[in-house]
Structures are given as structure tokens and as C-alpha cells.
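A.B. asks: Next comes target18.txt, compact mmCIF, C-alpha atoms:
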# COMPACT_ATOMS: atom_id res chain seq x y z
CA MET P 174 6.78 -15.78 12.73
CA ILE P 175 3.58 -16.81 11.02
CA ILE P 176 3.49 -16.27 7.27
CA GLY P 177 0.10 -16.44 5.61
CA LEU P 178 -0.06 -16.90 1.84
CA THR P 179 -3.01 -15.82 -0.24
CA GLY P 180 -3.26 -15.06 -3.93
CA SER P 181 -4.72 -15.89 -7.26
CA TYR P 182 -5.18 -19.35 -8.76
CA CYS P 183 -1.88 -20.97 -9.89
CA SER P 184 0.21 -18.05 -8.65
CA GLY P 185 2.62 -20.48 -6.97
CA LYS P 186 1.49 -20.26 -3.34
CA ASP P 187 2.15 -23.95 -2.68
CA THR P 188 5.59 -23.79 -4.29
CA VAL P 189 6.47 -20.77 -2.14
CA ALA P 190 5.13 -22.54 0.96
CA ASP P 191 7.01 -25.76 0.20
CA TYR P 192 10.27 -23.85 -0.09
CA ILE P 193 9.68 -21.87 3.12
CA VAL P 194 8.84 -25.07 4.99
CA GLY P 195 11.75 -27.04 3.55
CA LYS P 196 14.40 -24.35 3.83
CA SER P 197 13.43 -22.54 7.01
CA GLY P 198 11.76 -25.24 9.09
CA PHE P 199 8.36 -23.58 9.23
CA LEU P 200 5.41 -25.87 9.97
CA HIS P 201 2.70 -25.83 7.30
CA PHE P 202 -1.05 -25.63 7.68
CA SER P 203 -3.45 -25.39 4.75
CA LEU P 204 -6.96 -24.12 5.39
CA SER P 205 -8.08 -26.30 2.48
CA ASP P 206 -6.61 -29.32 4.25
CA GLU P 207 -8.87 -28.53 7.20
CA ILE P 208 -11.83 -28.78 4.81
CA ARG P 209 -10.43 -31.99 3.25
CA LEU P 210 -10.25 -33.65 6.68
CA ILE P 211 -13.93 -33.01 7.31
CA MET P 212 -14.88 -34.05 3.77
CA LYS P 213 -12.94 -37.31 4.18
CA GLU P 214 -14.89 -38.10 7.35
CA GLN P 215 -18.09 -37.59 5.35
CA ASN P 216 -16.86 -39.55 2.29
CA ILE P 217 -17.06 -36.52 -0.01
CA GLU P 218 -14.63 -36.48 -2.95
CA PRO P 219 -12.24 -33.52 -2.51
CA THR P 220 -12.53 -32.02 -6.01
CA ARG P 221 -11.87 -28.29 -6.34
CA GLU P 222 -15.58 -27.64 -6.91
CA ASN P 223 -16.56 -29.74 -3.87
CA LEU P 224 -13.98 -27.91 -1.73
CA ILE P 225 -15.46 -24.55 -2.73
CA VAL P 226 -19.06 -25.65 -2.07
CA PHE P 227 -18.23 -27.46 1.18
CA GLY P 228 -16.01 -24.62 2.45
CA THR P 229 -18.76 -22.09 1.78
CA LYS P 230 -21.31 -24.26 3.61
CA LEU P 231 -18.91 -24.75 6.53
CA ARG P 232 -18.38 -20.98 6.83
CA GLN P 233 -22.13 -20.35 6.68
CA GLU P 234 -22.76 -22.84 9.48
CA GLN P 235 -19.78 -22.14 11.77
CA GLY P 236 -18.63 -18.62 10.90
CA ASN P 237 -16.43 -17.26 8.14
CA ASP P 238 -13.31 -17.58 10.32
CA VAL P 239 -13.86 -21.25 11.27
CA LEU P 240 -10.83 -22.53 9.32
CA ALA P 241 -8.50 -19.90 10.76
CA LYS P 242 -9.71 -20.72 14.28
CA SER P 243 -9.02 -24.39 13.61
CA VAL P 244 -5.38 -23.89 12.63
CA ILE P 245 -4.73 -21.27 15.31
CA SER P 246 -5.84 -23.81 17.92
CA LYS P 247 -2.99 -26.07 16.73
CA PHE P 248 -0.23 -23.46 17.08
CA GLU P 249 2.52 -24.06 19.62
CA TYR P 250 4.30 -21.14 21.24
CA GLY P 251 7.64 -20.23 19.71
CA LYS P 252 7.22 -22.14 16.46
CA ASN P 253 7.13 -20.67 12.96
CA TYR P 254 4.22 -21.42 10.65
CA CYS P 255 3.33 -21.02 7.00
CA ILE P 256 -0.43 -20.93 6.39
CA THR P 257 -1.87 -21.44 2.90
CA SER P 258 -5.32 -21.48 1.27
CA ILE P 259 -6.46 -18.26 2.96
CA ARG P 260 -9.53 -17.33 0.92
CA HIS P 261 -11.87 -15.29 3.11
CA THR P 262 -11.42 -11.84 4.65
CA GLN P 263 -12.58 -13.03 8.07
CA GLU P 264 -9.90 -15.72 7.99
CA VAL P 265 -7.37 -12.94 7.41
CA GLN P 266 -8.86 -10.85 10.23
CA LYS P 267 -8.70 -13.79 12.65
CA LEU P 268 -5.11 -14.66 11.69
CA LYS P 269 -4.07 -11.01 12.08
CA THR P 270 -4.99 -11.27 15.77
CA VAL P 271 -2.03 -13.64 16.23
CA GLN P 272 1.28 -12.02 17.16
CA ASN P 273 3.89 -11.96 14.38
CA PHE P 274 1.43 -12.81 11.59
CA VAL P 275 2.15 -11.37 8.16
CA LEU P 276 0.02 -11.89 5.06
CA VAL P 277 1.77 -12.25 1.71
CA ASN P 278 -0.15 -12.00 -1.54
CA VAL P 279 1.47 -14.28 -4.15
CA ASP P 280 0.58 -13.26 -7.68
CA ALA P 281 1.59 -13.63 -11.31
CA PRO P 282 0.17 -12.43 -14.62
CA GLN P 283 -2.92 -14.35 -15.73
CA SER P 284 -1.20 -15.74 -18.84
CA VAL P 285 1.62 -17.18 -16.69
CA ARG P 286 -0.85 -18.69 -14.22
CA PHE P 287 -2.97 -20.27 -16.96
CA ALA P 288 0.14 -21.81 -18.58
CA ARG P 289 1.19 -23.25 -15.21
CA MET P 290 -2.23 -24.77 -14.72
CA GLN P 291 -2.09 -26.40 -18.14
CA ARG P 292 1.39 -27.85 -17.44
CA ARG P 293 0.46 -29.38 -14.10
CA LYS P 294 -2.48 -31.32 -15.60
CA ARG P 295 -4.31 -31.64 -12.28
CA HIS P 296 -7.62 -33.50 -12.40
CA GLY P 297 -10.50 -31.02 -12.33
CA ASP P 298 -8.52 -28.00 -13.56
CA PRO P 299 -10.26 -25.94 -16.25
CA GLN P 300 -9.10 -26.74 -19.78
CA THR P 301 -9.80 -23.36 -21.41
CA LEU P 302 -8.90 -19.78 -20.55
CA GLU P 303 -12.62 -18.97 -20.37
CA LYS P 304 -13.20 -21.65 -17.72
CA PHE P 305 -10.06 -20.53 -15.88
CA ILE P 306 -11.42 -16.96 -15.73
CA GLU P 307 -14.83 -18.29 -14.65
CA LEU P 308 -13.20 -20.18 -11.77
CA GLU P 309 -11.24 -17.09 -10.73
CA ASN P 310 -14.47 -15.09 -10.68
CA LYS P 311 -16.09 -17.73 -8.42
CA GLU P 312 -13.17 -17.30 -6.01
CA ALA P 313 -13.49 -13.50 -6.00
CA GLN P 314 -16.79 -12.85 -4.26
CA SER P 315 -17.05 -9.62 -2.31
CA SER P 316 -19.53 -10.68 0.37
CA GLY P 317 -21.01 -13.73 2.05
CA SER P 318 -19.36 -17.01 2.98
CA GLY P 319 -17.85 -17.86 -0.41
CA GLN P 320 -14.24 -17.35 -1.39
CA GLN P 321 -13.01 -13.75 -1.40
CA VAL P 322 -9.50 -14.18 -2.80
CA ALA P 323 -9.31 -10.73 -4.43
CA LEU P 324 -10.28 -8.99 -1.18
CA CYS P 325 -7.81 -11.12 0.81
CA SER P 326 -5.08 -10.10 -1.61
CA LYS P 327 -5.86 -6.45 -0.93
CA MET P 328 -5.44 -7.09 2.81
CA ALA P 329 -1.88 -8.39 2.32
CA ASP P 330 1.05 -6.72 4.02
CA ILE P 331 3.31 -7.57 1.06
CA THR P 332 2.78 -8.65 -2.54
CA PHE P 333 5.23 -11.19 -3.94
CA ILE P 334 5.27 -11.44 -7.74
CA ASN P 335 6.07 -14.96 -8.94
CA ASP P 336 6.35 -14.47 -12.68
CA THR P 337 9.28 -16.81 -13.29
CA ASN P 338 9.32 -20.42 -14.37
CA ASP P 339 12.97 -20.77 -13.34
CA ILE P 340 12.84 -22.54 -9.96
CA LYS P 341 16.33 -21.39 -8.91
CA GLU P 342 15.38 -17.78 -9.62
CA LEU P 343 12.17 -18.24 -7.65
CA TYR P 344 14.08 -19.66 -4.67
CA LYS P 345 16.40 -16.63 -4.69
CA LYS P 346 13.36 -14.35 -4.68
CA ILE P 347 11.82 -16.29 -1.77
CA ASP P 348 15.13 -16.03 0.15
CA GLY P 349 14.92 -12.26 -0.32
CA LEU P 350 11.30 -12.26 0.82
CA LEU P 351 12.16 -14.26 3.95
CA LYS P 352 15.02 -11.89 4.78
CA ASP P 353 12.74 -8.87 4.36
CA LEU P 354 10.00 -10.46 6.47
CA GLN P 355 12.41 -11.39 9.26
CA GLU P 356 13.79 -7.85 9.35
CA LYS P 357 10.40 -6.15 9.21
CA TYR P 358 8.04 -8.46 11.11
CA HIS P 359 10.12 -10.57 13.47
CA GLU P 360 9.80 -10.04 17.23
How would this structure read if it were set down as C-alpha cells?

C.D. replies:
Amino acid sequence: MIIGLTGSYCSGKDTVADYIVGKSGFLHFSLSDEIRLIMKEQNIEPTRENLIVFGTKLRQEQGNDVLAKSVISKFEYGKNYCITSIRHTQEVQKLKTVQNFVLVNVDAPQSVRFARMQRRKRHGDPQTLEKFIELENKEAQSSGSGQQVALCSKMADITFINDTNDIKELYKKIDGLLKDLQEKYHE
């Protein structure tokens, strides 16, 4: 099975992915990590803003599905994968051509996501709600080679609401999600 995770900023996609990988032995690929590898080769600092700009430029030059193609080329038959950082509709379309792919939209209320962002204190994160909303709007384009997170979310097969800050409760919810996915989407 190949589980793709998309969703809004600070919705908990990486936490969900980490649990799936750790508990179920899925292999993890991040489309953003594909960008980071190229940026590292070119000595470009991988700030969030640089990732957005560089990713958009990469899509313009090599096609909007370039990152999906890159990770698909690394798949090995019979292995399970969890793919994160899916931010363009053509990435979703390309991944949906792979057998047993399912796209999960991870979401949470904006107030919960903003509080999470403030707690994690990651360098480069917006410090105000206004800047947080501005960043979300940048990631929600509806055309072109920029990020189209809102449209990707609408393409999801399932929406997973991560509105808890209790990690044990979240893990129980993810276990339920995995069970549902295996029943519904497994070979």
C-alpha cells in the first residue's frame, strides 16, 4: 500500500507519517526532501520560503509532477510507502497512477494548527496569526506551478481530522485509519 499525506500547515502530517513508518514498517518519502537534496547540491539554504520558491521553479522547468516522478522511480515492488509533502494536483494525479495508492488529507482547525506551530518554535515559522494565514494562502494557489494544498486536499480519498494534542489518542486514531485503509484499499 502507498499512503500519500497532504493537508494544511501544521495539521500533523509528519507526526502521522512518523507513526505509520515506525509502527507499520512503511518506508517514507517526502517530496520536500527531494527539493532539499537538489537545494543542498546548489548550496541553497532550505528555509520554508526557499523551498516554496525553489519547488515552484523546479515544477515550472521540469513539469508539475517532477517530485512525484522522482519518488515513484525509487519504489520497490511489494513494499509499503508513506509519501508526505504532496502539494500540487499533478503530483496527486501522478501518484494516483500507482497501484494501491490512497491519498489522505490530514487536517485540524486553524486555531489548533497555529498553536502547534507556536509550540514547535521552528526557525522561519510565522510569529503571528496574520502571517500564518498569509503563508497558508501562498500554499493554496489554484493554478500554475506553485503549491496547491487546498486543491490537493479536495482530491483526497479520506480526510483524517487531527484535532487532539494527546499523542496516545492520536495514535489510536491512526491505528483506526490504518485498519480502515487496509480493509478498503489493500490488494

A.B. asks: Which residues are near Leu354 in chain P? Cut-off 12 Å, only C-alpha atoms, ignore same chain within fewer than 3 positions. Put them as a list of chain:residue names.

C.D. replies: P:Met174, P:Ile175, P:Ile176, P:Gly177, P:Ile193, P:Asn273, P:Phe274, P:Val275, P:Leu276, P:Val277, P:Asp330, P:Ile331, P:Thr332, P:Phe333, P:Ile347, P:Asp348, P:Gly349, P:Leu350, P:Leu351, P:Lys357, P:Tyr358, P:His359, P:Glu360

A.B. asks: Selection from above, C-alpha atoms, as an mmCIF file, in the frame of the given file, can you write it?

C.D. replies:
data_model
loop_
_atom_site.group_PDB
_atom_site.id
_atom_site.type_symbol
_atom_site.label_atom_id
_atom_site.label_comp_id
_atom_site.auth_asym_id
_atom_site.auth_seq_id
_atom_site.Cartn_x
_atom_site.Cartn_y
_atom_site.Cartn_z
ATOM 1 C CA MET P 174 6.780 -15.780 12.730
ATOM 2 C CA ILE P 175 3.580 -16.810 11.020
ATOM 3 C CA ILE P 176 3.490 -16.270 7.270
ATOM 4 C CA GLY P 177 0.100 -16.440 5.610
ATOM 5 C CA ILE P 193 9.680 -21.870 3.120
ATOM 6 C CA ASN P 273 3.890 -11.960 14.380
ATOM 7 C CA PHE P 274 1.430 -12.810 11.590
ATOM 8 C CA VAL P 275 2.150 -11.370 8.160
ATOM 9 C CA LEU P 276 0.020 -11.890 5.060
ATOM 10 C CA VAL P 277 1.770 -12.250 1.710
ATOM 11 C CA ASP P 330 1.050 -6.720 4.020
ATOM 12 C CA ILE P 331 3.310 -7.570 1.060
ATOM 13 C CA THR P 332 2.780 -8.650 -2.540
ATOM 14 C CA PHE P 333 5.230 -11.190 -3.940
ATOM 15 C CA ILE P 347 11.820 -16.290 -1.770
ATOM 16 C CA ASP P 348 15.130 -16.030 0.150
ATOM 17 C CA GLY P 349 14.920 -12.260 -0.320
ATOM 18 C CA LEU P 350 11.300 -12.260 0.820
ATOM 19 C CA LEU P 351 12.160 -14.260 3.950
ATOM 20 C CA LYS P 357 10.400 -6.150 9.210
ATOM 21 C CA TYR P 358 8.040 -8.460 11.110
ATOM 22 C CA HIS P 359 10.120 -10.570 13.470
ATOM 23 C CA GLU P 360 9.800 -10.040 17.230
#

A.B. asks: Please identify all polymer residues within 7 Å of Gln321 in chain P, counting all atoms listed in the file, omitting same-chain residues fewer than 5 positions from it, and present them as a list in words.

C.D. replies: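 In the requested form, the answer reads Arg260, His261, Thr262, Glu312, Ala313, Gln314 and Ser315 of chain P.
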
A.B. asks: Those same residues, written as an mmCIF file, in the coordinates of the input with C-alpha atoms?

C.D. replies:
data_model
loop_
_atom_site.group_PDB
_atom_site.id
_atom_site.type_symbol
_atom_site.label_atom_id
_atom_site.label_comp_id
_atom_site.auth_asym_id
_atom_site.auth_seq_id
_atom_site.Cartn_x
_atom_site.Cartn_y
_atom_site.Cartn_z
ATOM 1 C CA ARG P 260 -9.530 -17.330 0.920
ATOM 2 C CA HIS P 261 -11.870 -15.290 3.110
ATOM 3 C CA THR P 262 -11.420 -11.840 4.650
ATOM 4 C CA GLU P 312 -13.170 -17.300 -6.010
ATOM 5 C CA ALA P 313 -13.490 -13.500 -6.000
ATOM 6 C CA GLN P 314 -16.790 -12.850 -4.260
ATOM 7 C CA SER P 315 -17.050 -9.620 -2.310
#

A.B. asks: So that all listed atoms of range 221-233 of chain P fit with 3 Å spare on each side, what axis-aligned box centre and edge lengths in Å, to one decimal, would you give as lines of an AutoDock Vina configuration file?

C.D. replies:
center_x = -17.0
center_y = -25.0
center_z = 0.0
size_x = 16.3
size_y = 15.4
size_z = 19.7

A.B. asks: Which is closest to His201 in chain P among P:Val239, P:Val322, P:Ile245, P:Cys255, if we use only C-alpha atoms?

C.D. replies: P:Cys255

A.B. asks: Can you tell me how far CA of Ser197 in chain P sits from CA of Asn338 in chain P, in Å to one decimal?

C.D. replies: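 Computing it gives 21.9 Å between the two atoms.
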
A.B. asks: Tell me, as a list in words, which residues lie within 10 Å of Leu308 in chain P, counting only C-alpha atoms; anything in the same chain fewer than 5 positions away does not count.

C.D. replies: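 Selected residues are Tyr182, Arg221, Glu222, Asp298, Pro299, Leu302, Glu303 and Ala313 of chain P.
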
A.B. asks: Between CA of Val244 in chain P and CA of Ser184 in chain P, measure the distance and give it in Å to one decimal.

C.D. replies: 22.8 Å

A.B. asks: May I ask which of the residues P:Ser203, P:Thr220, P:Gln233, P:Asn278 is the closest one to Ser326 in chain P, counting all atoms listed in the file?

C.D. replies: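 Of P:Ser203, P:Thr220, P:Gln233, P:Asn278, the one nearest Ser326 in chain P is P:Asn278, counting all atoms listed in the file.
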
A.B. asks: Provide the CA of Asp238 in chain P to CA of Lys267 in chain P distance in Å, to one decimal place.

C.D. replies: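 These atoms are spaced 6.4 Å apart.
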
A.B. asks: Find, counting all atoms listed in the file, the residue in P:Asn335, P:Ser318, P:Gln300, P:Ser246 that gets nearest to Phe227 in chain P.

C.D. replies: P:Ser318
